[in-house]
There are 2 protein chains.
Amino acid sequence: MKYPNGSNKVYNNKISTSNRGMTLESQLNQTNTYYLNNDIAVIYKKPTPITVNEVSYHSKKDVVITKAHYIVPSTTDYNGLYKGSYVDFEAKETRKEYFPLANIHQHQINHLEKIINNGGLSFIIVRFVIINETYLLPTNKLIKFINNNTRKSIPIAYFKQEGFLIKDGYLPNLDYLKIVDILKERKNEKIN
Amino acid sequence: MKYPNGSNKVYNNKISTSNRGMTLESQLNQTNTYYLNNDIAVIYKKPTPITVNEVSYHSKKDVVITKAHYIVPSTTDYNGLYKGSYVDFEAKETRKEYFPLANIHQHQINHLEKIINNGGLSFIIVRFVIINETYLLPTNKLIKFINNNTRKSIPIAYFKQEGFLIKDGYLPNLDYLKIVDILKERKNEKIN
(Lines give C-alpha, C1' and ligand atoms only; values in the text may rest on other atoms or scores of the structure.)
Protein backbone atom coordinates (compact mmCIF):
# COMPACT_ATOMS: atom_id res chain seq x y z
CA MET A 1 0.00 0.00 0.00
CA LYS A 2 1.32 3.45 -0.89
CA TYR A 3 0.85 6.77 0.81
CA PRO A 4 1.27 9.24 -2.05
CA ASN A 5 0.69 12.31 0.04
CA GLY A 6 3.82 11.69 2.01
CA SER A 7 7.41 11.52 0.87
CA ASN A 8 6.88 12.19 -2.83
CA LYS A 9 6.28 15.88 -2.32
CA VAL A 10 9.99 16.25 -1.70
CA TYR A 11 10.73 14.90 -5.15
CA ASN A 12 8.09 17.04 -6.83
CA ASN A 13 9.83 20.18 -5.63
CA LYS A 14 13.28 19.03 -6.71
CA ILE A 15 14.48 20.18 -10.11
CA SER A 16 16.89 17.68 -11.54
CA THR A 17 18.09 16.66 -14.99
CA SER A 18 18.69 13.12 -13.76
CA ASN A 19 15.87 10.74 -12.95
CA ARG A 20 18.02 8.70 -10.64
CA GLY A 21 16.66 8.75 -7.13
CA MET A 22 13.20 9.83 -8.25
CA THR A 23 10.40 7.47 -7.36
CA LEU A 24 8.48 5.85 -10.18
CA GLU A 25 5.38 7.69 -9.01
CA SER A 26 7.12 11.08 -9.22
CA GLN A 27 8.39 10.31 -12.71
CA LEU A 28 4.94 9.18 -13.88
CA ASN A 29 3.31 12.27 -12.39
CA GLN A 30 5.82 14.55 -14.15
CA THR A 31 5.31 12.63 -17.39
CA ASN A 32 1.52 12.85 -17.14
CA THR A 33 1.72 16.58 -16.44
CA TYR A 34 3.90 16.94 -19.55
CA TYR A 35 1.36 14.96 -21.62
CA LEU A 36 -1.48 17.10 -20.24
CA ASN A 37 0.22 20.47 -20.79
CA ASN A 38 1.21 19.52 -24.33
CA ASP A 39 -2.24 18.18 -25.29
CA ILE A 40 -0.86 14.68 -25.82
CA ALA A 41 -3.02 12.77 -23.33
CA VAL A 42 -5.25 13.22 -20.28
CA ILE A 43 -3.97 10.68 -17.74
CA TYR A 44 -4.17 11.10 -13.96
CA LYS A 45 -3.24 9.18 -10.87
CA LYS A 46 -6.42 8.46 -8.96
CA PRO A 47 -6.65 9.72 -5.39
CA THR A 48 -5.84 7.04 -2.81
CA PRO A 49 -9.13 5.57 -1.60
CA ILE A 50 -9.85 6.05 2.10
CA THR A 51 -12.75 5.47 4.44
CA VAL A 52 -13.56 8.52 6.51
CA ASN A 53 -14.62 7.65 10.06
CA GLU A 54 -14.72 11.05 11.76
CA VAL A 55 -14.75 14.66 10.67
CA SER A 56 -14.61 17.91 12.58
CA TYR A 57 -16.35 21.04 11.25
CA HIS A 58 -14.26 24.14 11.86
CA SER A 59 -16.39 26.15 9.47
CA LYS A 60 -18.53 25.43 6.41
CA LYS A 61 -15.46 25.53 4.20
CA ASP A 62 -12.97 23.98 6.59
CA VAL A 63 -13.80 20.36 7.29
CA VAL A 64 -10.99 18.41 8.94
CA ILE A 65 -10.95 14.61 8.72
CA THR A 66 -9.96 13.44 12.19
CA LYS A 67 -10.13 9.69 11.61
CA ALA A 68 -9.81 7.72 8.39
CA HIS A 69 -8.28 4.52 7.04
CA TYR A 70 -6.58 3.61 3.79
CA ILE A 71 -8.53 0.94 1.93
CA VAL A 72 -7.28 -1.63 -0.55
CA PRO A 73 -7.99 -0.22 -4.02
CA SER A 74 -10.38 -2.23 -6.21
CA THR A 75 -8.99 -0.74 -9.40
CA THR A 76 -5.64 0.60 -10.56
CA ASP A 77 -3.72 3.79 -9.80
CA TYR A 78 -3.73 5.42 -13.23
CA ASN A 79 -6.26 5.85 -16.00
CA GLY A 80 -7.07 8.26 -18.76
CA LEU A 81 -7.40 9.02 -22.42
CA TYR A 82 -4.82 8.93 -25.22
CA LYS A 83 -5.71 9.59 -28.89
CA GLY A 84 -9.26 8.33 -28.38
CA SER A 85 -8.18 5.23 -26.43
CA TYR A 86 -8.92 4.43 -22.81
CA VAL A 87 -5.63 3.68 -21.01
CA ASP A 88 -5.40 2.00 -17.57
CA PHE A 89 -2.41 0.78 -15.60
CA GLU A 90 -0.86 -0.05 -12.26
CA ALA A 91 2.71 1.05 -11.44
CA LYS A 92 4.99 -0.70 -8.95
CA GLU A 93 8.56 -0.46 -7.77
CA THR A 94 10.50 -3.44 -6.53
CA ARG A 95 13.96 -3.72 -4.95
CA LYS A 96 14.10 -7.42 -5.75
CA GLU A 97 15.44 -9.12 -8.87
CA TYR A 98 11.95 -10.30 -9.67
CA PHE A 99 8.43 -8.88 -9.42
CA PRO A 100 6.52 -10.47 -6.52
CA LEU A 101 2.94 -11.14 -7.61
CA ALA A 102 1.87 -10.29 -4.05
CA ASN A 103 2.54 -6.64 -5.07
CA ILE A 104 -0.56 -6.65 -7.24
CA HIS A 105 -4.00 -7.61 -5.95
CA GLN A 106 -6.14 -10.19 -7.70
CA HIS A 107 -8.99 -7.66 -8.10
CA GLN A 108 -6.55 -5.29 -9.82
CA ILE A 109 -5.61 -8.04 -12.31
CA ASN A 110 -9.33 -8.69 -12.87
CA HIS A 111 -9.82 -4.97 -13.48
CA LEU A 112 -6.96 -4.85 -16.04
CA GLU A 113 -8.52 -7.84 -17.82
CA LYS A 114 -11.96 -6.18 -17.87
CA ILE A 115 -10.38 -3.16 -19.57
CA ILE A 116 -9.00 -5.34 -22.38
CA ASN A 117 -12.36 -7.09 -22.78
CA ASN A 118 -14.16 -3.73 -23.06
CA GLY A 119 -11.88 -2.36 -25.78
CA GLY A 120 -9.33 -0.42 -23.73
CA LEU A 121 -5.55 -0.65 -23.33
CA SER A 122 -4.14 -1.89 -20.01
CA PHE A 123 -0.76 -2.90 -18.61
CA ILE A 124 1.53 -2.74 -15.61
CA ILE A 125 4.66 -0.62 -15.29
CA VAL A 126 7.36 -2.13 -13.07
CA ARG A 127 10.54 -0.39 -11.95
CA PHE A 128 13.43 -2.67 -10.94
CA VAL A 129 15.27 -0.30 -8.62
CA ILE A 130 18.51 -2.31 -8.37
CA ILE A 131 19.16 -2.13 -12.12
CA ASN A 132 17.33 1.20 -12.57
CA GLU A 133 15.18 -0.17 -15.40
CA THR A 134 11.46 0.29 -15.94
CA TYR A 135 9.33 -2.08 -18.00
CA LEU A 136 5.83 -1.99 -19.42
CA LEU A 137 4.16 -5.41 -19.46
CA PRO A 138 0.83 -5.70 -21.33
CA THR A 139 -2.02 -7.33 -19.39
CA ASN A 140 -2.24 -10.34 -21.74
CA LYS A 141 1.45 -11.11 -21.03
CA LEU A 142 0.90 -10.73 -17.29
CA ILE A 143 -2.03 -13.15 -17.40
CA LYS A 144 -0.10 -15.54 -19.68
CA PHE A 145 2.65 -15.76 -17.04
CA ILE A 146 0.20 -16.36 -14.19
CA ASN A 147 -1.65 -19.07 -16.12
CA ASN A 148 1.51 -20.91 -17.18
CA ASN A 149 3.50 -20.73 -13.95
CA THR A 150 3.18 -21.78 -10.35
CA ARG A 151 5.83 -19.23 -9.31
CA LYS A 152 4.76 -16.37 -7.11
CA SER A 153 7.03 -13.87 -8.83
CA ILE A 154 7.92 -12.82 -12.37
CA PRO A 155 11.66 -12.75 -13.17
CA ILE A 156 13.21 -9.70 -14.89
CA ALA A 157 13.99 -11.95 -17.87
CA TYR A 158 10.26 -12.30 -18.58
CA PHE A 159 9.86 -8.51 -18.63
CA LYS A 160 12.82 -8.23 -21.02
CA GLN A 161 11.34 -10.91 -23.28
CA GLU A 162 7.61 -10.11 -23.26
CA GLY A 163 7.55 -6.50 -22.06
CA PHE A 164 9.03 -3.23 -23.24
CA LEU A 165 11.83 -1.21 -21.68
CA ILE A 166 10.73 2.40 -21.03
CA LYS A 167 13.77 4.59 -21.54
CA ASP A 168 14.52 7.44 -19.17
CA GLY A 169 14.30 10.80 -20.86
CA TYR A 170 14.29 14.50 -20.08
CA LEU A 171 10.94 15.68 -21.45
CA PRO A 172 8.90 13.67 -20.92
CA ASN A 173 10.56 11.88 -18.09
CA LEU A 174 9.30 8.39 -18.79
CA ASP A 175 7.71 8.31 -22.23
CA TYR A 176 5.52 5.23 -21.83
CA LEU A 177 3.02 6.39 -24.47
CA LYS A 178 5.59 5.52 -27.16
CA ILE A 179 5.01 1.91 -26.13
CA VAL A 180 1.25 2.41 -25.89
CA ASP A 181 1.45 3.38 -29.59
CA ILE A 182 2.82 -0.12 -30.29
CA LEU A 183 0.00 -1.71 -28.25
CA LYS A 184 -2.56 0.39 -30.18
CA GLU A 185 -1.12 -0.75 -33.53
CA ARG A 186 -1.20 -4.40 -32.48
CA LYS A 187 -4.78 -4.06 -31.28
CA ASN A 188 -5.86 -2.43 -34.56
CA GLU A 189 -4.12 -5.17 -36.56
CA LYS A 190 -6.11 -7.77 -34.63
CA ILE A 191 -9.39 -5.93 -35.21
CA ASN A 192 -8.85 -5.12 -38.91
CA MET B 1 -18.11 19.62 -2.06
CA LYS B 2 -19.43 16.13 -1.34
CA TYR B 3 -18.55 13.64 1.35
CA PRO B 4 -19.34 10.31 -0.29
CA ASN B 5 -18.34 8.18 2.66
CA GLY B 6 -21.12 9.57 4.78
CA SER B 7 -24.85 9.34 4.34
CA ASN B 8 -24.91 7.30 1.13
CA LYS B 9 -24.06 4.07 2.88
CA VAL B 10 -27.56 4.04 4.27
CA TYR B 11 -28.98 4.06 0.76
CA ASN B 12 -26.60 1.38 -0.51
CA ASN B 13 -27.96 -1.06 2.05
CA LYS B 14 -31.59 -0.25 1.32
CA ILE B 15 -33.38 -2.45 -1.19
CA SER B 16 -36.11 -0.49 -2.87
CA THR B 17 -38.01 -0.65 -6.13
CA SER B 18 -38.44 3.13 -6.09
CA ASN B 19 -35.59 5.51 -6.74
CA ARG B 20 -37.33 8.34 -4.97
CA GLY B 21 -35.32 9.53 -2.02
CA MET B 22 -32.09 8.00 -3.29
CA THR B 23 -29.28 10.41 -3.93
CA LEU B 24 -28.00 10.79 -7.46
CA GLU B 25 -24.66 9.40 -6.31
CA SER B 26 -26.28 6.25 -4.90
CA GLN B 27 -28.22 5.72 -8.11
CA LEU B 28 -25.12 6.19 -10.26
CA ASN B 29 -23.11 3.82 -8.07
CA GLN B 30 -25.81 1.14 -8.33
CA THR B 31 -26.02 1.70 -12.09
CA ASN B 32 -22.24 1.45 -12.52
CA THR B 33 -22.16 -1.75 -10.45
CA TYR B 34 -24.89 -3.16 -12.71
CA TYR B 35 -22.87 -2.18 -15.82
CA LEU B 36 -19.74 -3.76 -14.33
CA ASN B 37 -21.39 -7.03 -13.24
CA ASN B 38 -23.09 -7.42 -16.62
CA ASP B 39 -19.93 -6.67 -18.66
CA ILE B 40 -21.52 -3.57 -20.18
CA ALA B 41 -18.99 -0.95 -19.06
CA VAL B 42 -16.20 -0.32 -16.53
CA ILE B 43 -17.07 3.03 -14.93
CA TYR B 44 -16.12 4.04 -11.38
CA LYS B 45 -16.51 7.01 -9.11
CA LYS B 46 -13.05 8.28 -8.25
CA PRO B 47 -12.13 8.45 -4.58
CA THR B 48 -12.54 11.92 -3.09
CA PRO B 49 -9.14 13.61 -3.14
CA ILE B 50 -7.74 14.52 0.26
CA THR B 51 -4.49 15.83 1.65
CA VAL B 52 -3.22 13.74 4.53
CA ASN B 53 -1.57 15.84 7.25
CA GLU B 54 -1.04 13.32 10.04
CA VAL B 55 -1.08 9.56 10.38
CA SER B 56 -0.76 7.27 13.35
CA TYR B 57 0.82 3.81 12.98
CA HIS B 58 -1.04 1.23 15.06
CA SER B 59 0.71 -1.60 13.24
CA LYS B 60 2.23 -2.14 9.79
CA LYS B 61 -1.20 -2.96 8.39
CA ASP B 62 -3.26 -0.55 10.46
CA VAL B 63 -2.44 3.03 9.60
CA VAL B 64 -4.97 5.57 10.88
CA ILE B 65 -5.18 9.00 9.28
CA THR B 66 -5.57 11.41 12.17
CA LYS B 67 -5.63 14.68 10.23
CA ALA B 68 -6.60 15.30 6.61
CA HIS B 69 -8.45 17.83 4.47
CA TYR B 70 -10.73 17.53 1.47
CA ILE B 71 -9.24 19.25 -1.56
CA VAL B 72 -11.01 20.74 -4.56
CA PRO B 73 -10.91 18.10 -7.32
CA SER B 74 -9.05 19.06 -10.50
CA THR B 75 -10.97 16.54 -12.58
CA THR B 76 -14.44 14.99 -12.48
CA ASP B 77 -16.04 12.40 -10.24
CA TYR B 78 -16.62 9.59 -12.73
CA ASN B 79 -14.67 8.07 -15.57
CA GLY B 80 -14.32 4.78 -17.35
CA LEU B 81 -14.66 2.70 -20.45
CA TYR B 82 -17.73 1.84 -22.53
CA LYS B 83 -17.54 -0.17 -25.78
CA GLY B 84 -14.00 1.05 -26.46
CA SER B 85 -14.81 4.70 -25.65
CA TYR B 86 -13.42 6.75 -22.80
CA VAL B 87 -16.33 8.24 -20.81
CA ASP B 88 -15.95 11.09 -18.28
CA PHE B 89 -18.55 13.08 -16.37
CA GLU B 90 -19.46 15.14 -13.34
CA ALA B 91 -22.76 14.57 -11.51
CA LYS B 92 -24.57 17.19 -9.46
CA GLU B 93 -27.84 17.53 -7.61
CA THR B 94 -29.62 20.84 -7.21
CA ARG B 95 -32.71 21.82 -5.22
CA LYS B 96 -33.16 24.96 -7.27
CA GLU B 97 -35.13 25.42 -10.49
CA TYR B 98 -31.89 26.08 -12.33
CA PHE B 99 -28.35 24.74 -12.26
CA PRO B 100 -25.98 27.22 -10.58
CA LEU B 101 -22.71 27.30 -12.51
CA ALA B 102 -20.93 27.79 -9.18
CA ASN B 103 -21.64 24.07 -8.61
CA ILE B 104 -19.04 23.14 -11.18
CA HIS B 105 -15.44 24.39 -11.04
CA GLN B 106 -13.78 26.05 -14.01
CA HIS B 107 -10.98 23.45 -13.98
CA GLN B 108 -13.60 20.71 -14.17
CA ILE B 109 -15.11 22.36 -17.27
CA ASN B 110 -11.60 22.62 -18.76
CA HIS B 111 -11.10 18.92 -18.02
CA LEU B 112 -14.38 17.95 -19.73
CA GLU B 113 -13.32 20.00 -22.77
CA LYS B 114 -9.88 18.33 -22.87
CA ILE B 115 -11.66 14.95 -22.97
CA ILE B 116 -13.62 15.97 -26.06
CA ASN B 117 -10.46 17.32 -27.74
CA ASN B 118 -8.63 14.03 -27.09
CA GLY B 119 -11.34 11.84 -28.61
CA GLY B 120 -13.37 10.91 -25.51
CA LEU B 121 -17.00 11.41 -24.51
CA SER B 122 -17.81 13.83 -21.69
CA PHE B 123 -20.88 15.43 -20.15
CA ILE B 124 -22.55 16.48 -16.91
CA ILE B 125 -25.48 14.74 -15.25
CA VAL B 126 -27.75 17.07 -13.27
CA ARG B 127 -30.60 16.01 -10.98
CA PHE B 128 -33.32 18.58 -10.35
CA VAL B 129 -34.59 17.32 -7.02
CA ILE B 130 -37.80 19.41 -6.92
CA ILE B 131 -39.15 17.86 -10.13
CA ASN B 132 -37.30 14.53 -9.65
CA GLU B 133 -35.80 14.69 -13.14
CA THR B 134 -32.24 13.91 -14.19
CA TYR B 135 -30.64 15.27 -17.35
CA LEU B 136 -27.46 14.52 -19.27
CA LEU B 137 -25.97 17.62 -20.90
CA PRO B 138 -23.08 17.06 -23.36
CA THR B 139 -19.98 19.20 -22.76
CA ASN B 140 -20.32 21.10 -26.04
CA LYS B 141 -23.82 22.23 -24.99
CA LEU B 142 -22.55 23.24 -21.54
CA ILE B 143 -19.80 25.35 -23.11
CA LYS B 144 -22.21 26.78 -25.68
CA PHE B 145 -24.40 28.05 -22.85
CA ILE B 146 -21.48 29.58 -20.94
CA ASN B 147 -20.13 31.31 -24.08
CA ASN B 148 -23.50 32.75 -25.11
CA ASN B 149 -24.82 33.86 -21.73
CA THR B 150 -23.85 36.17 -18.91
CA ARG B 151 -26.17 34.28 -16.52
CA LYS B 152 -24.57 32.39 -13.65
CA SER B 153 -27.06 29.52 -13.85
CA ILE B 154 -28.56 27.27 -16.51
CA PRO B 155 -32.38 27.04 -16.48
CA ILE B 156 -34.11 23.63 -16.61
CA ALA B 157 -35.54 24.65 -20.01
CA TYR B 158 -32.04 24.58 -21.50
CA PHE B 159 -31.51 21.02 -20.21
CA LYS B 160 -34.86 19.98 -21.71
CA GLN B 161 -33.95 21.56 -25.05
CA GLU B 162 -30.26 20.69 -25.45
CA GLY B 163 -29.82 17.79 -23.03
CA PHE B 164 -31.39 14.37 -22.58
CA LEU B 165 -33.76 13.17 -19.87
CA ILE B 166 -32.42 10.03 -18.17
CA LYS B 167 -35.42 7.92 -17.23
CA ASP B 168 -35.58 6.19 -13.86
CA GLY B 169 -35.55 2.43 -14.18
CA TYR B 170 -35.27 -0.69 -12.10
CA LEU B 171 -32.21 -2.43 -13.55
CA PRO B 172 -30.17 -0.45 -14.21
CA ASN B 173 -31.33 2.32 -11.97
CA LEU B 174 -30.37 5.26 -14.16
CA ASP B 175 -29.47 3.99 -17.63
CA TYR B 176 -27.36 6.93 -18.84
CA LEU B 177 -25.37 4.76 -21.28
CA LYS B 178 -28.44 4.68 -23.54
CA ILE B 179 -27.81 8.38 -24.06
CA VAL B 180 -24.06 7.87 -24.39
CA ASP B 181 -24.94 5.60 -27.36
CA ILE B 182 -26.54 8.63 -29.03
CA LEU B 183 -23.44 10.77 -28.31
CA LYS B 184 -21.21 8.00 -29.79
CA GLU B 185 -23.32 7.87 -32.95
CA ARG B 186 -23.18 11.64 -33.38
CA LYS B 187 -19.41 11.63 -32.85
CA ASN B 188 -18.92 8.86 -35.44
CA GLU B 189 -21.10 10.74 -37.93
CA LYS B 190 -18.87 13.79 -37.54
CA ILE B 191 -15.68 11.75 -38.00
CA ASN B 192 -16.88 9.66 -40.97
# chains A, B, ... in the order shown; residues from 1 in each chain; ligands from 1
>>> closest_atom_pairs(of="chain A", to="chain B", cutoff="6 Å", atoms="only C-alpha atoms", output="Markdown table")
| residue | atom | partner | partner_atom | distance |
| --- | --- | --- | --- | --- |
| A:Pro47 | CA | B:Pro49 | CA | 5.1 |
| A:Pro49 | CA | B:Pro47 | CA | 5.1 |
| A:Val64 | CA | B:His69 | CA | 5.2 |
| A:Ile65 | CA | B:Ala68 | CA | 4.9 |
| A:Thr66 | CA | B:Thr66 | CA | 4.8 |
| A:Lys67 | CA | B:Thr66 | CA | 4.9 |
| A:Ala68 | CA | B:Ile65 | CA | 4.9 |
| A:His69 | CA | B:Val64 | CA | 5.2 |
| A:Lys83 | CA | B:Asn118 | CA | 5.6 |
| A:Gly84 | CA | B:Gly119 | CA | 4.1 |
| A:Tyr86 | CA | B:Tyr86 | CA | 5.1 |
| A:Asn118 | CA | B:Lys83 | CA | 5.6 |
| A:Gly119 | CA | B:Gly84 | CA | 4.1 |
| A:Gly120 | CA | B:Gly84 | CA | 5.6 |
>>> residues_around(residues="B:Lys141", least_positions_apart="6", cutoff="9 Å", atoms="only C-alpha atoms", output="JSON list (two decimals) with N, CA, C and O atoms, in the first residue's frame")
[["chain", "number", "residue", "atom", "x", "y", "z"],
["B", 123, "PHE", "N", -19.58, 14.78, -20.38],
["B", 123, "PHE", "CA", -20.88, 15.43, -20.15],
["B", 123, "PHE", "C", -21.07, 15.68, -18.66],
["B", 123, "PHE", "O", -20.24, 15.26, -17.85],
["B", 162, "GLU", "N", -31.57, 21.10, -24.91],
["B", 162, "GLU", "CA", -30.26, 20.69, -25.45],
["B", 162, "GLU", "C", -29.71, 19.41, -24.83],
["B", 162, "GLU", "O", -28.75, 18.83, -25.34],
["B", 163, "GLY", "N", -30.30, 18.99, -23.72],
["B", 163, "GLY", "CA", -29.82, 17.79, -23.03],
["B", 163, "GLY", "C", -30.76, 16.61, -23.26],
["B", 163, "GLY", "O", -31.61, 16.64, -24.16]]
>>> atom_distance(atom1="atom CA of B:Leu137", atom2="atom CA of B:Phe164")
6.5 Å
>>> select_by_dssp(residues="chain A", states="alpha helix (DSSP H)", output="number ranges by chain")
A: 8-13, 24-37, 106-117, 139-148, 156-162, 177-191
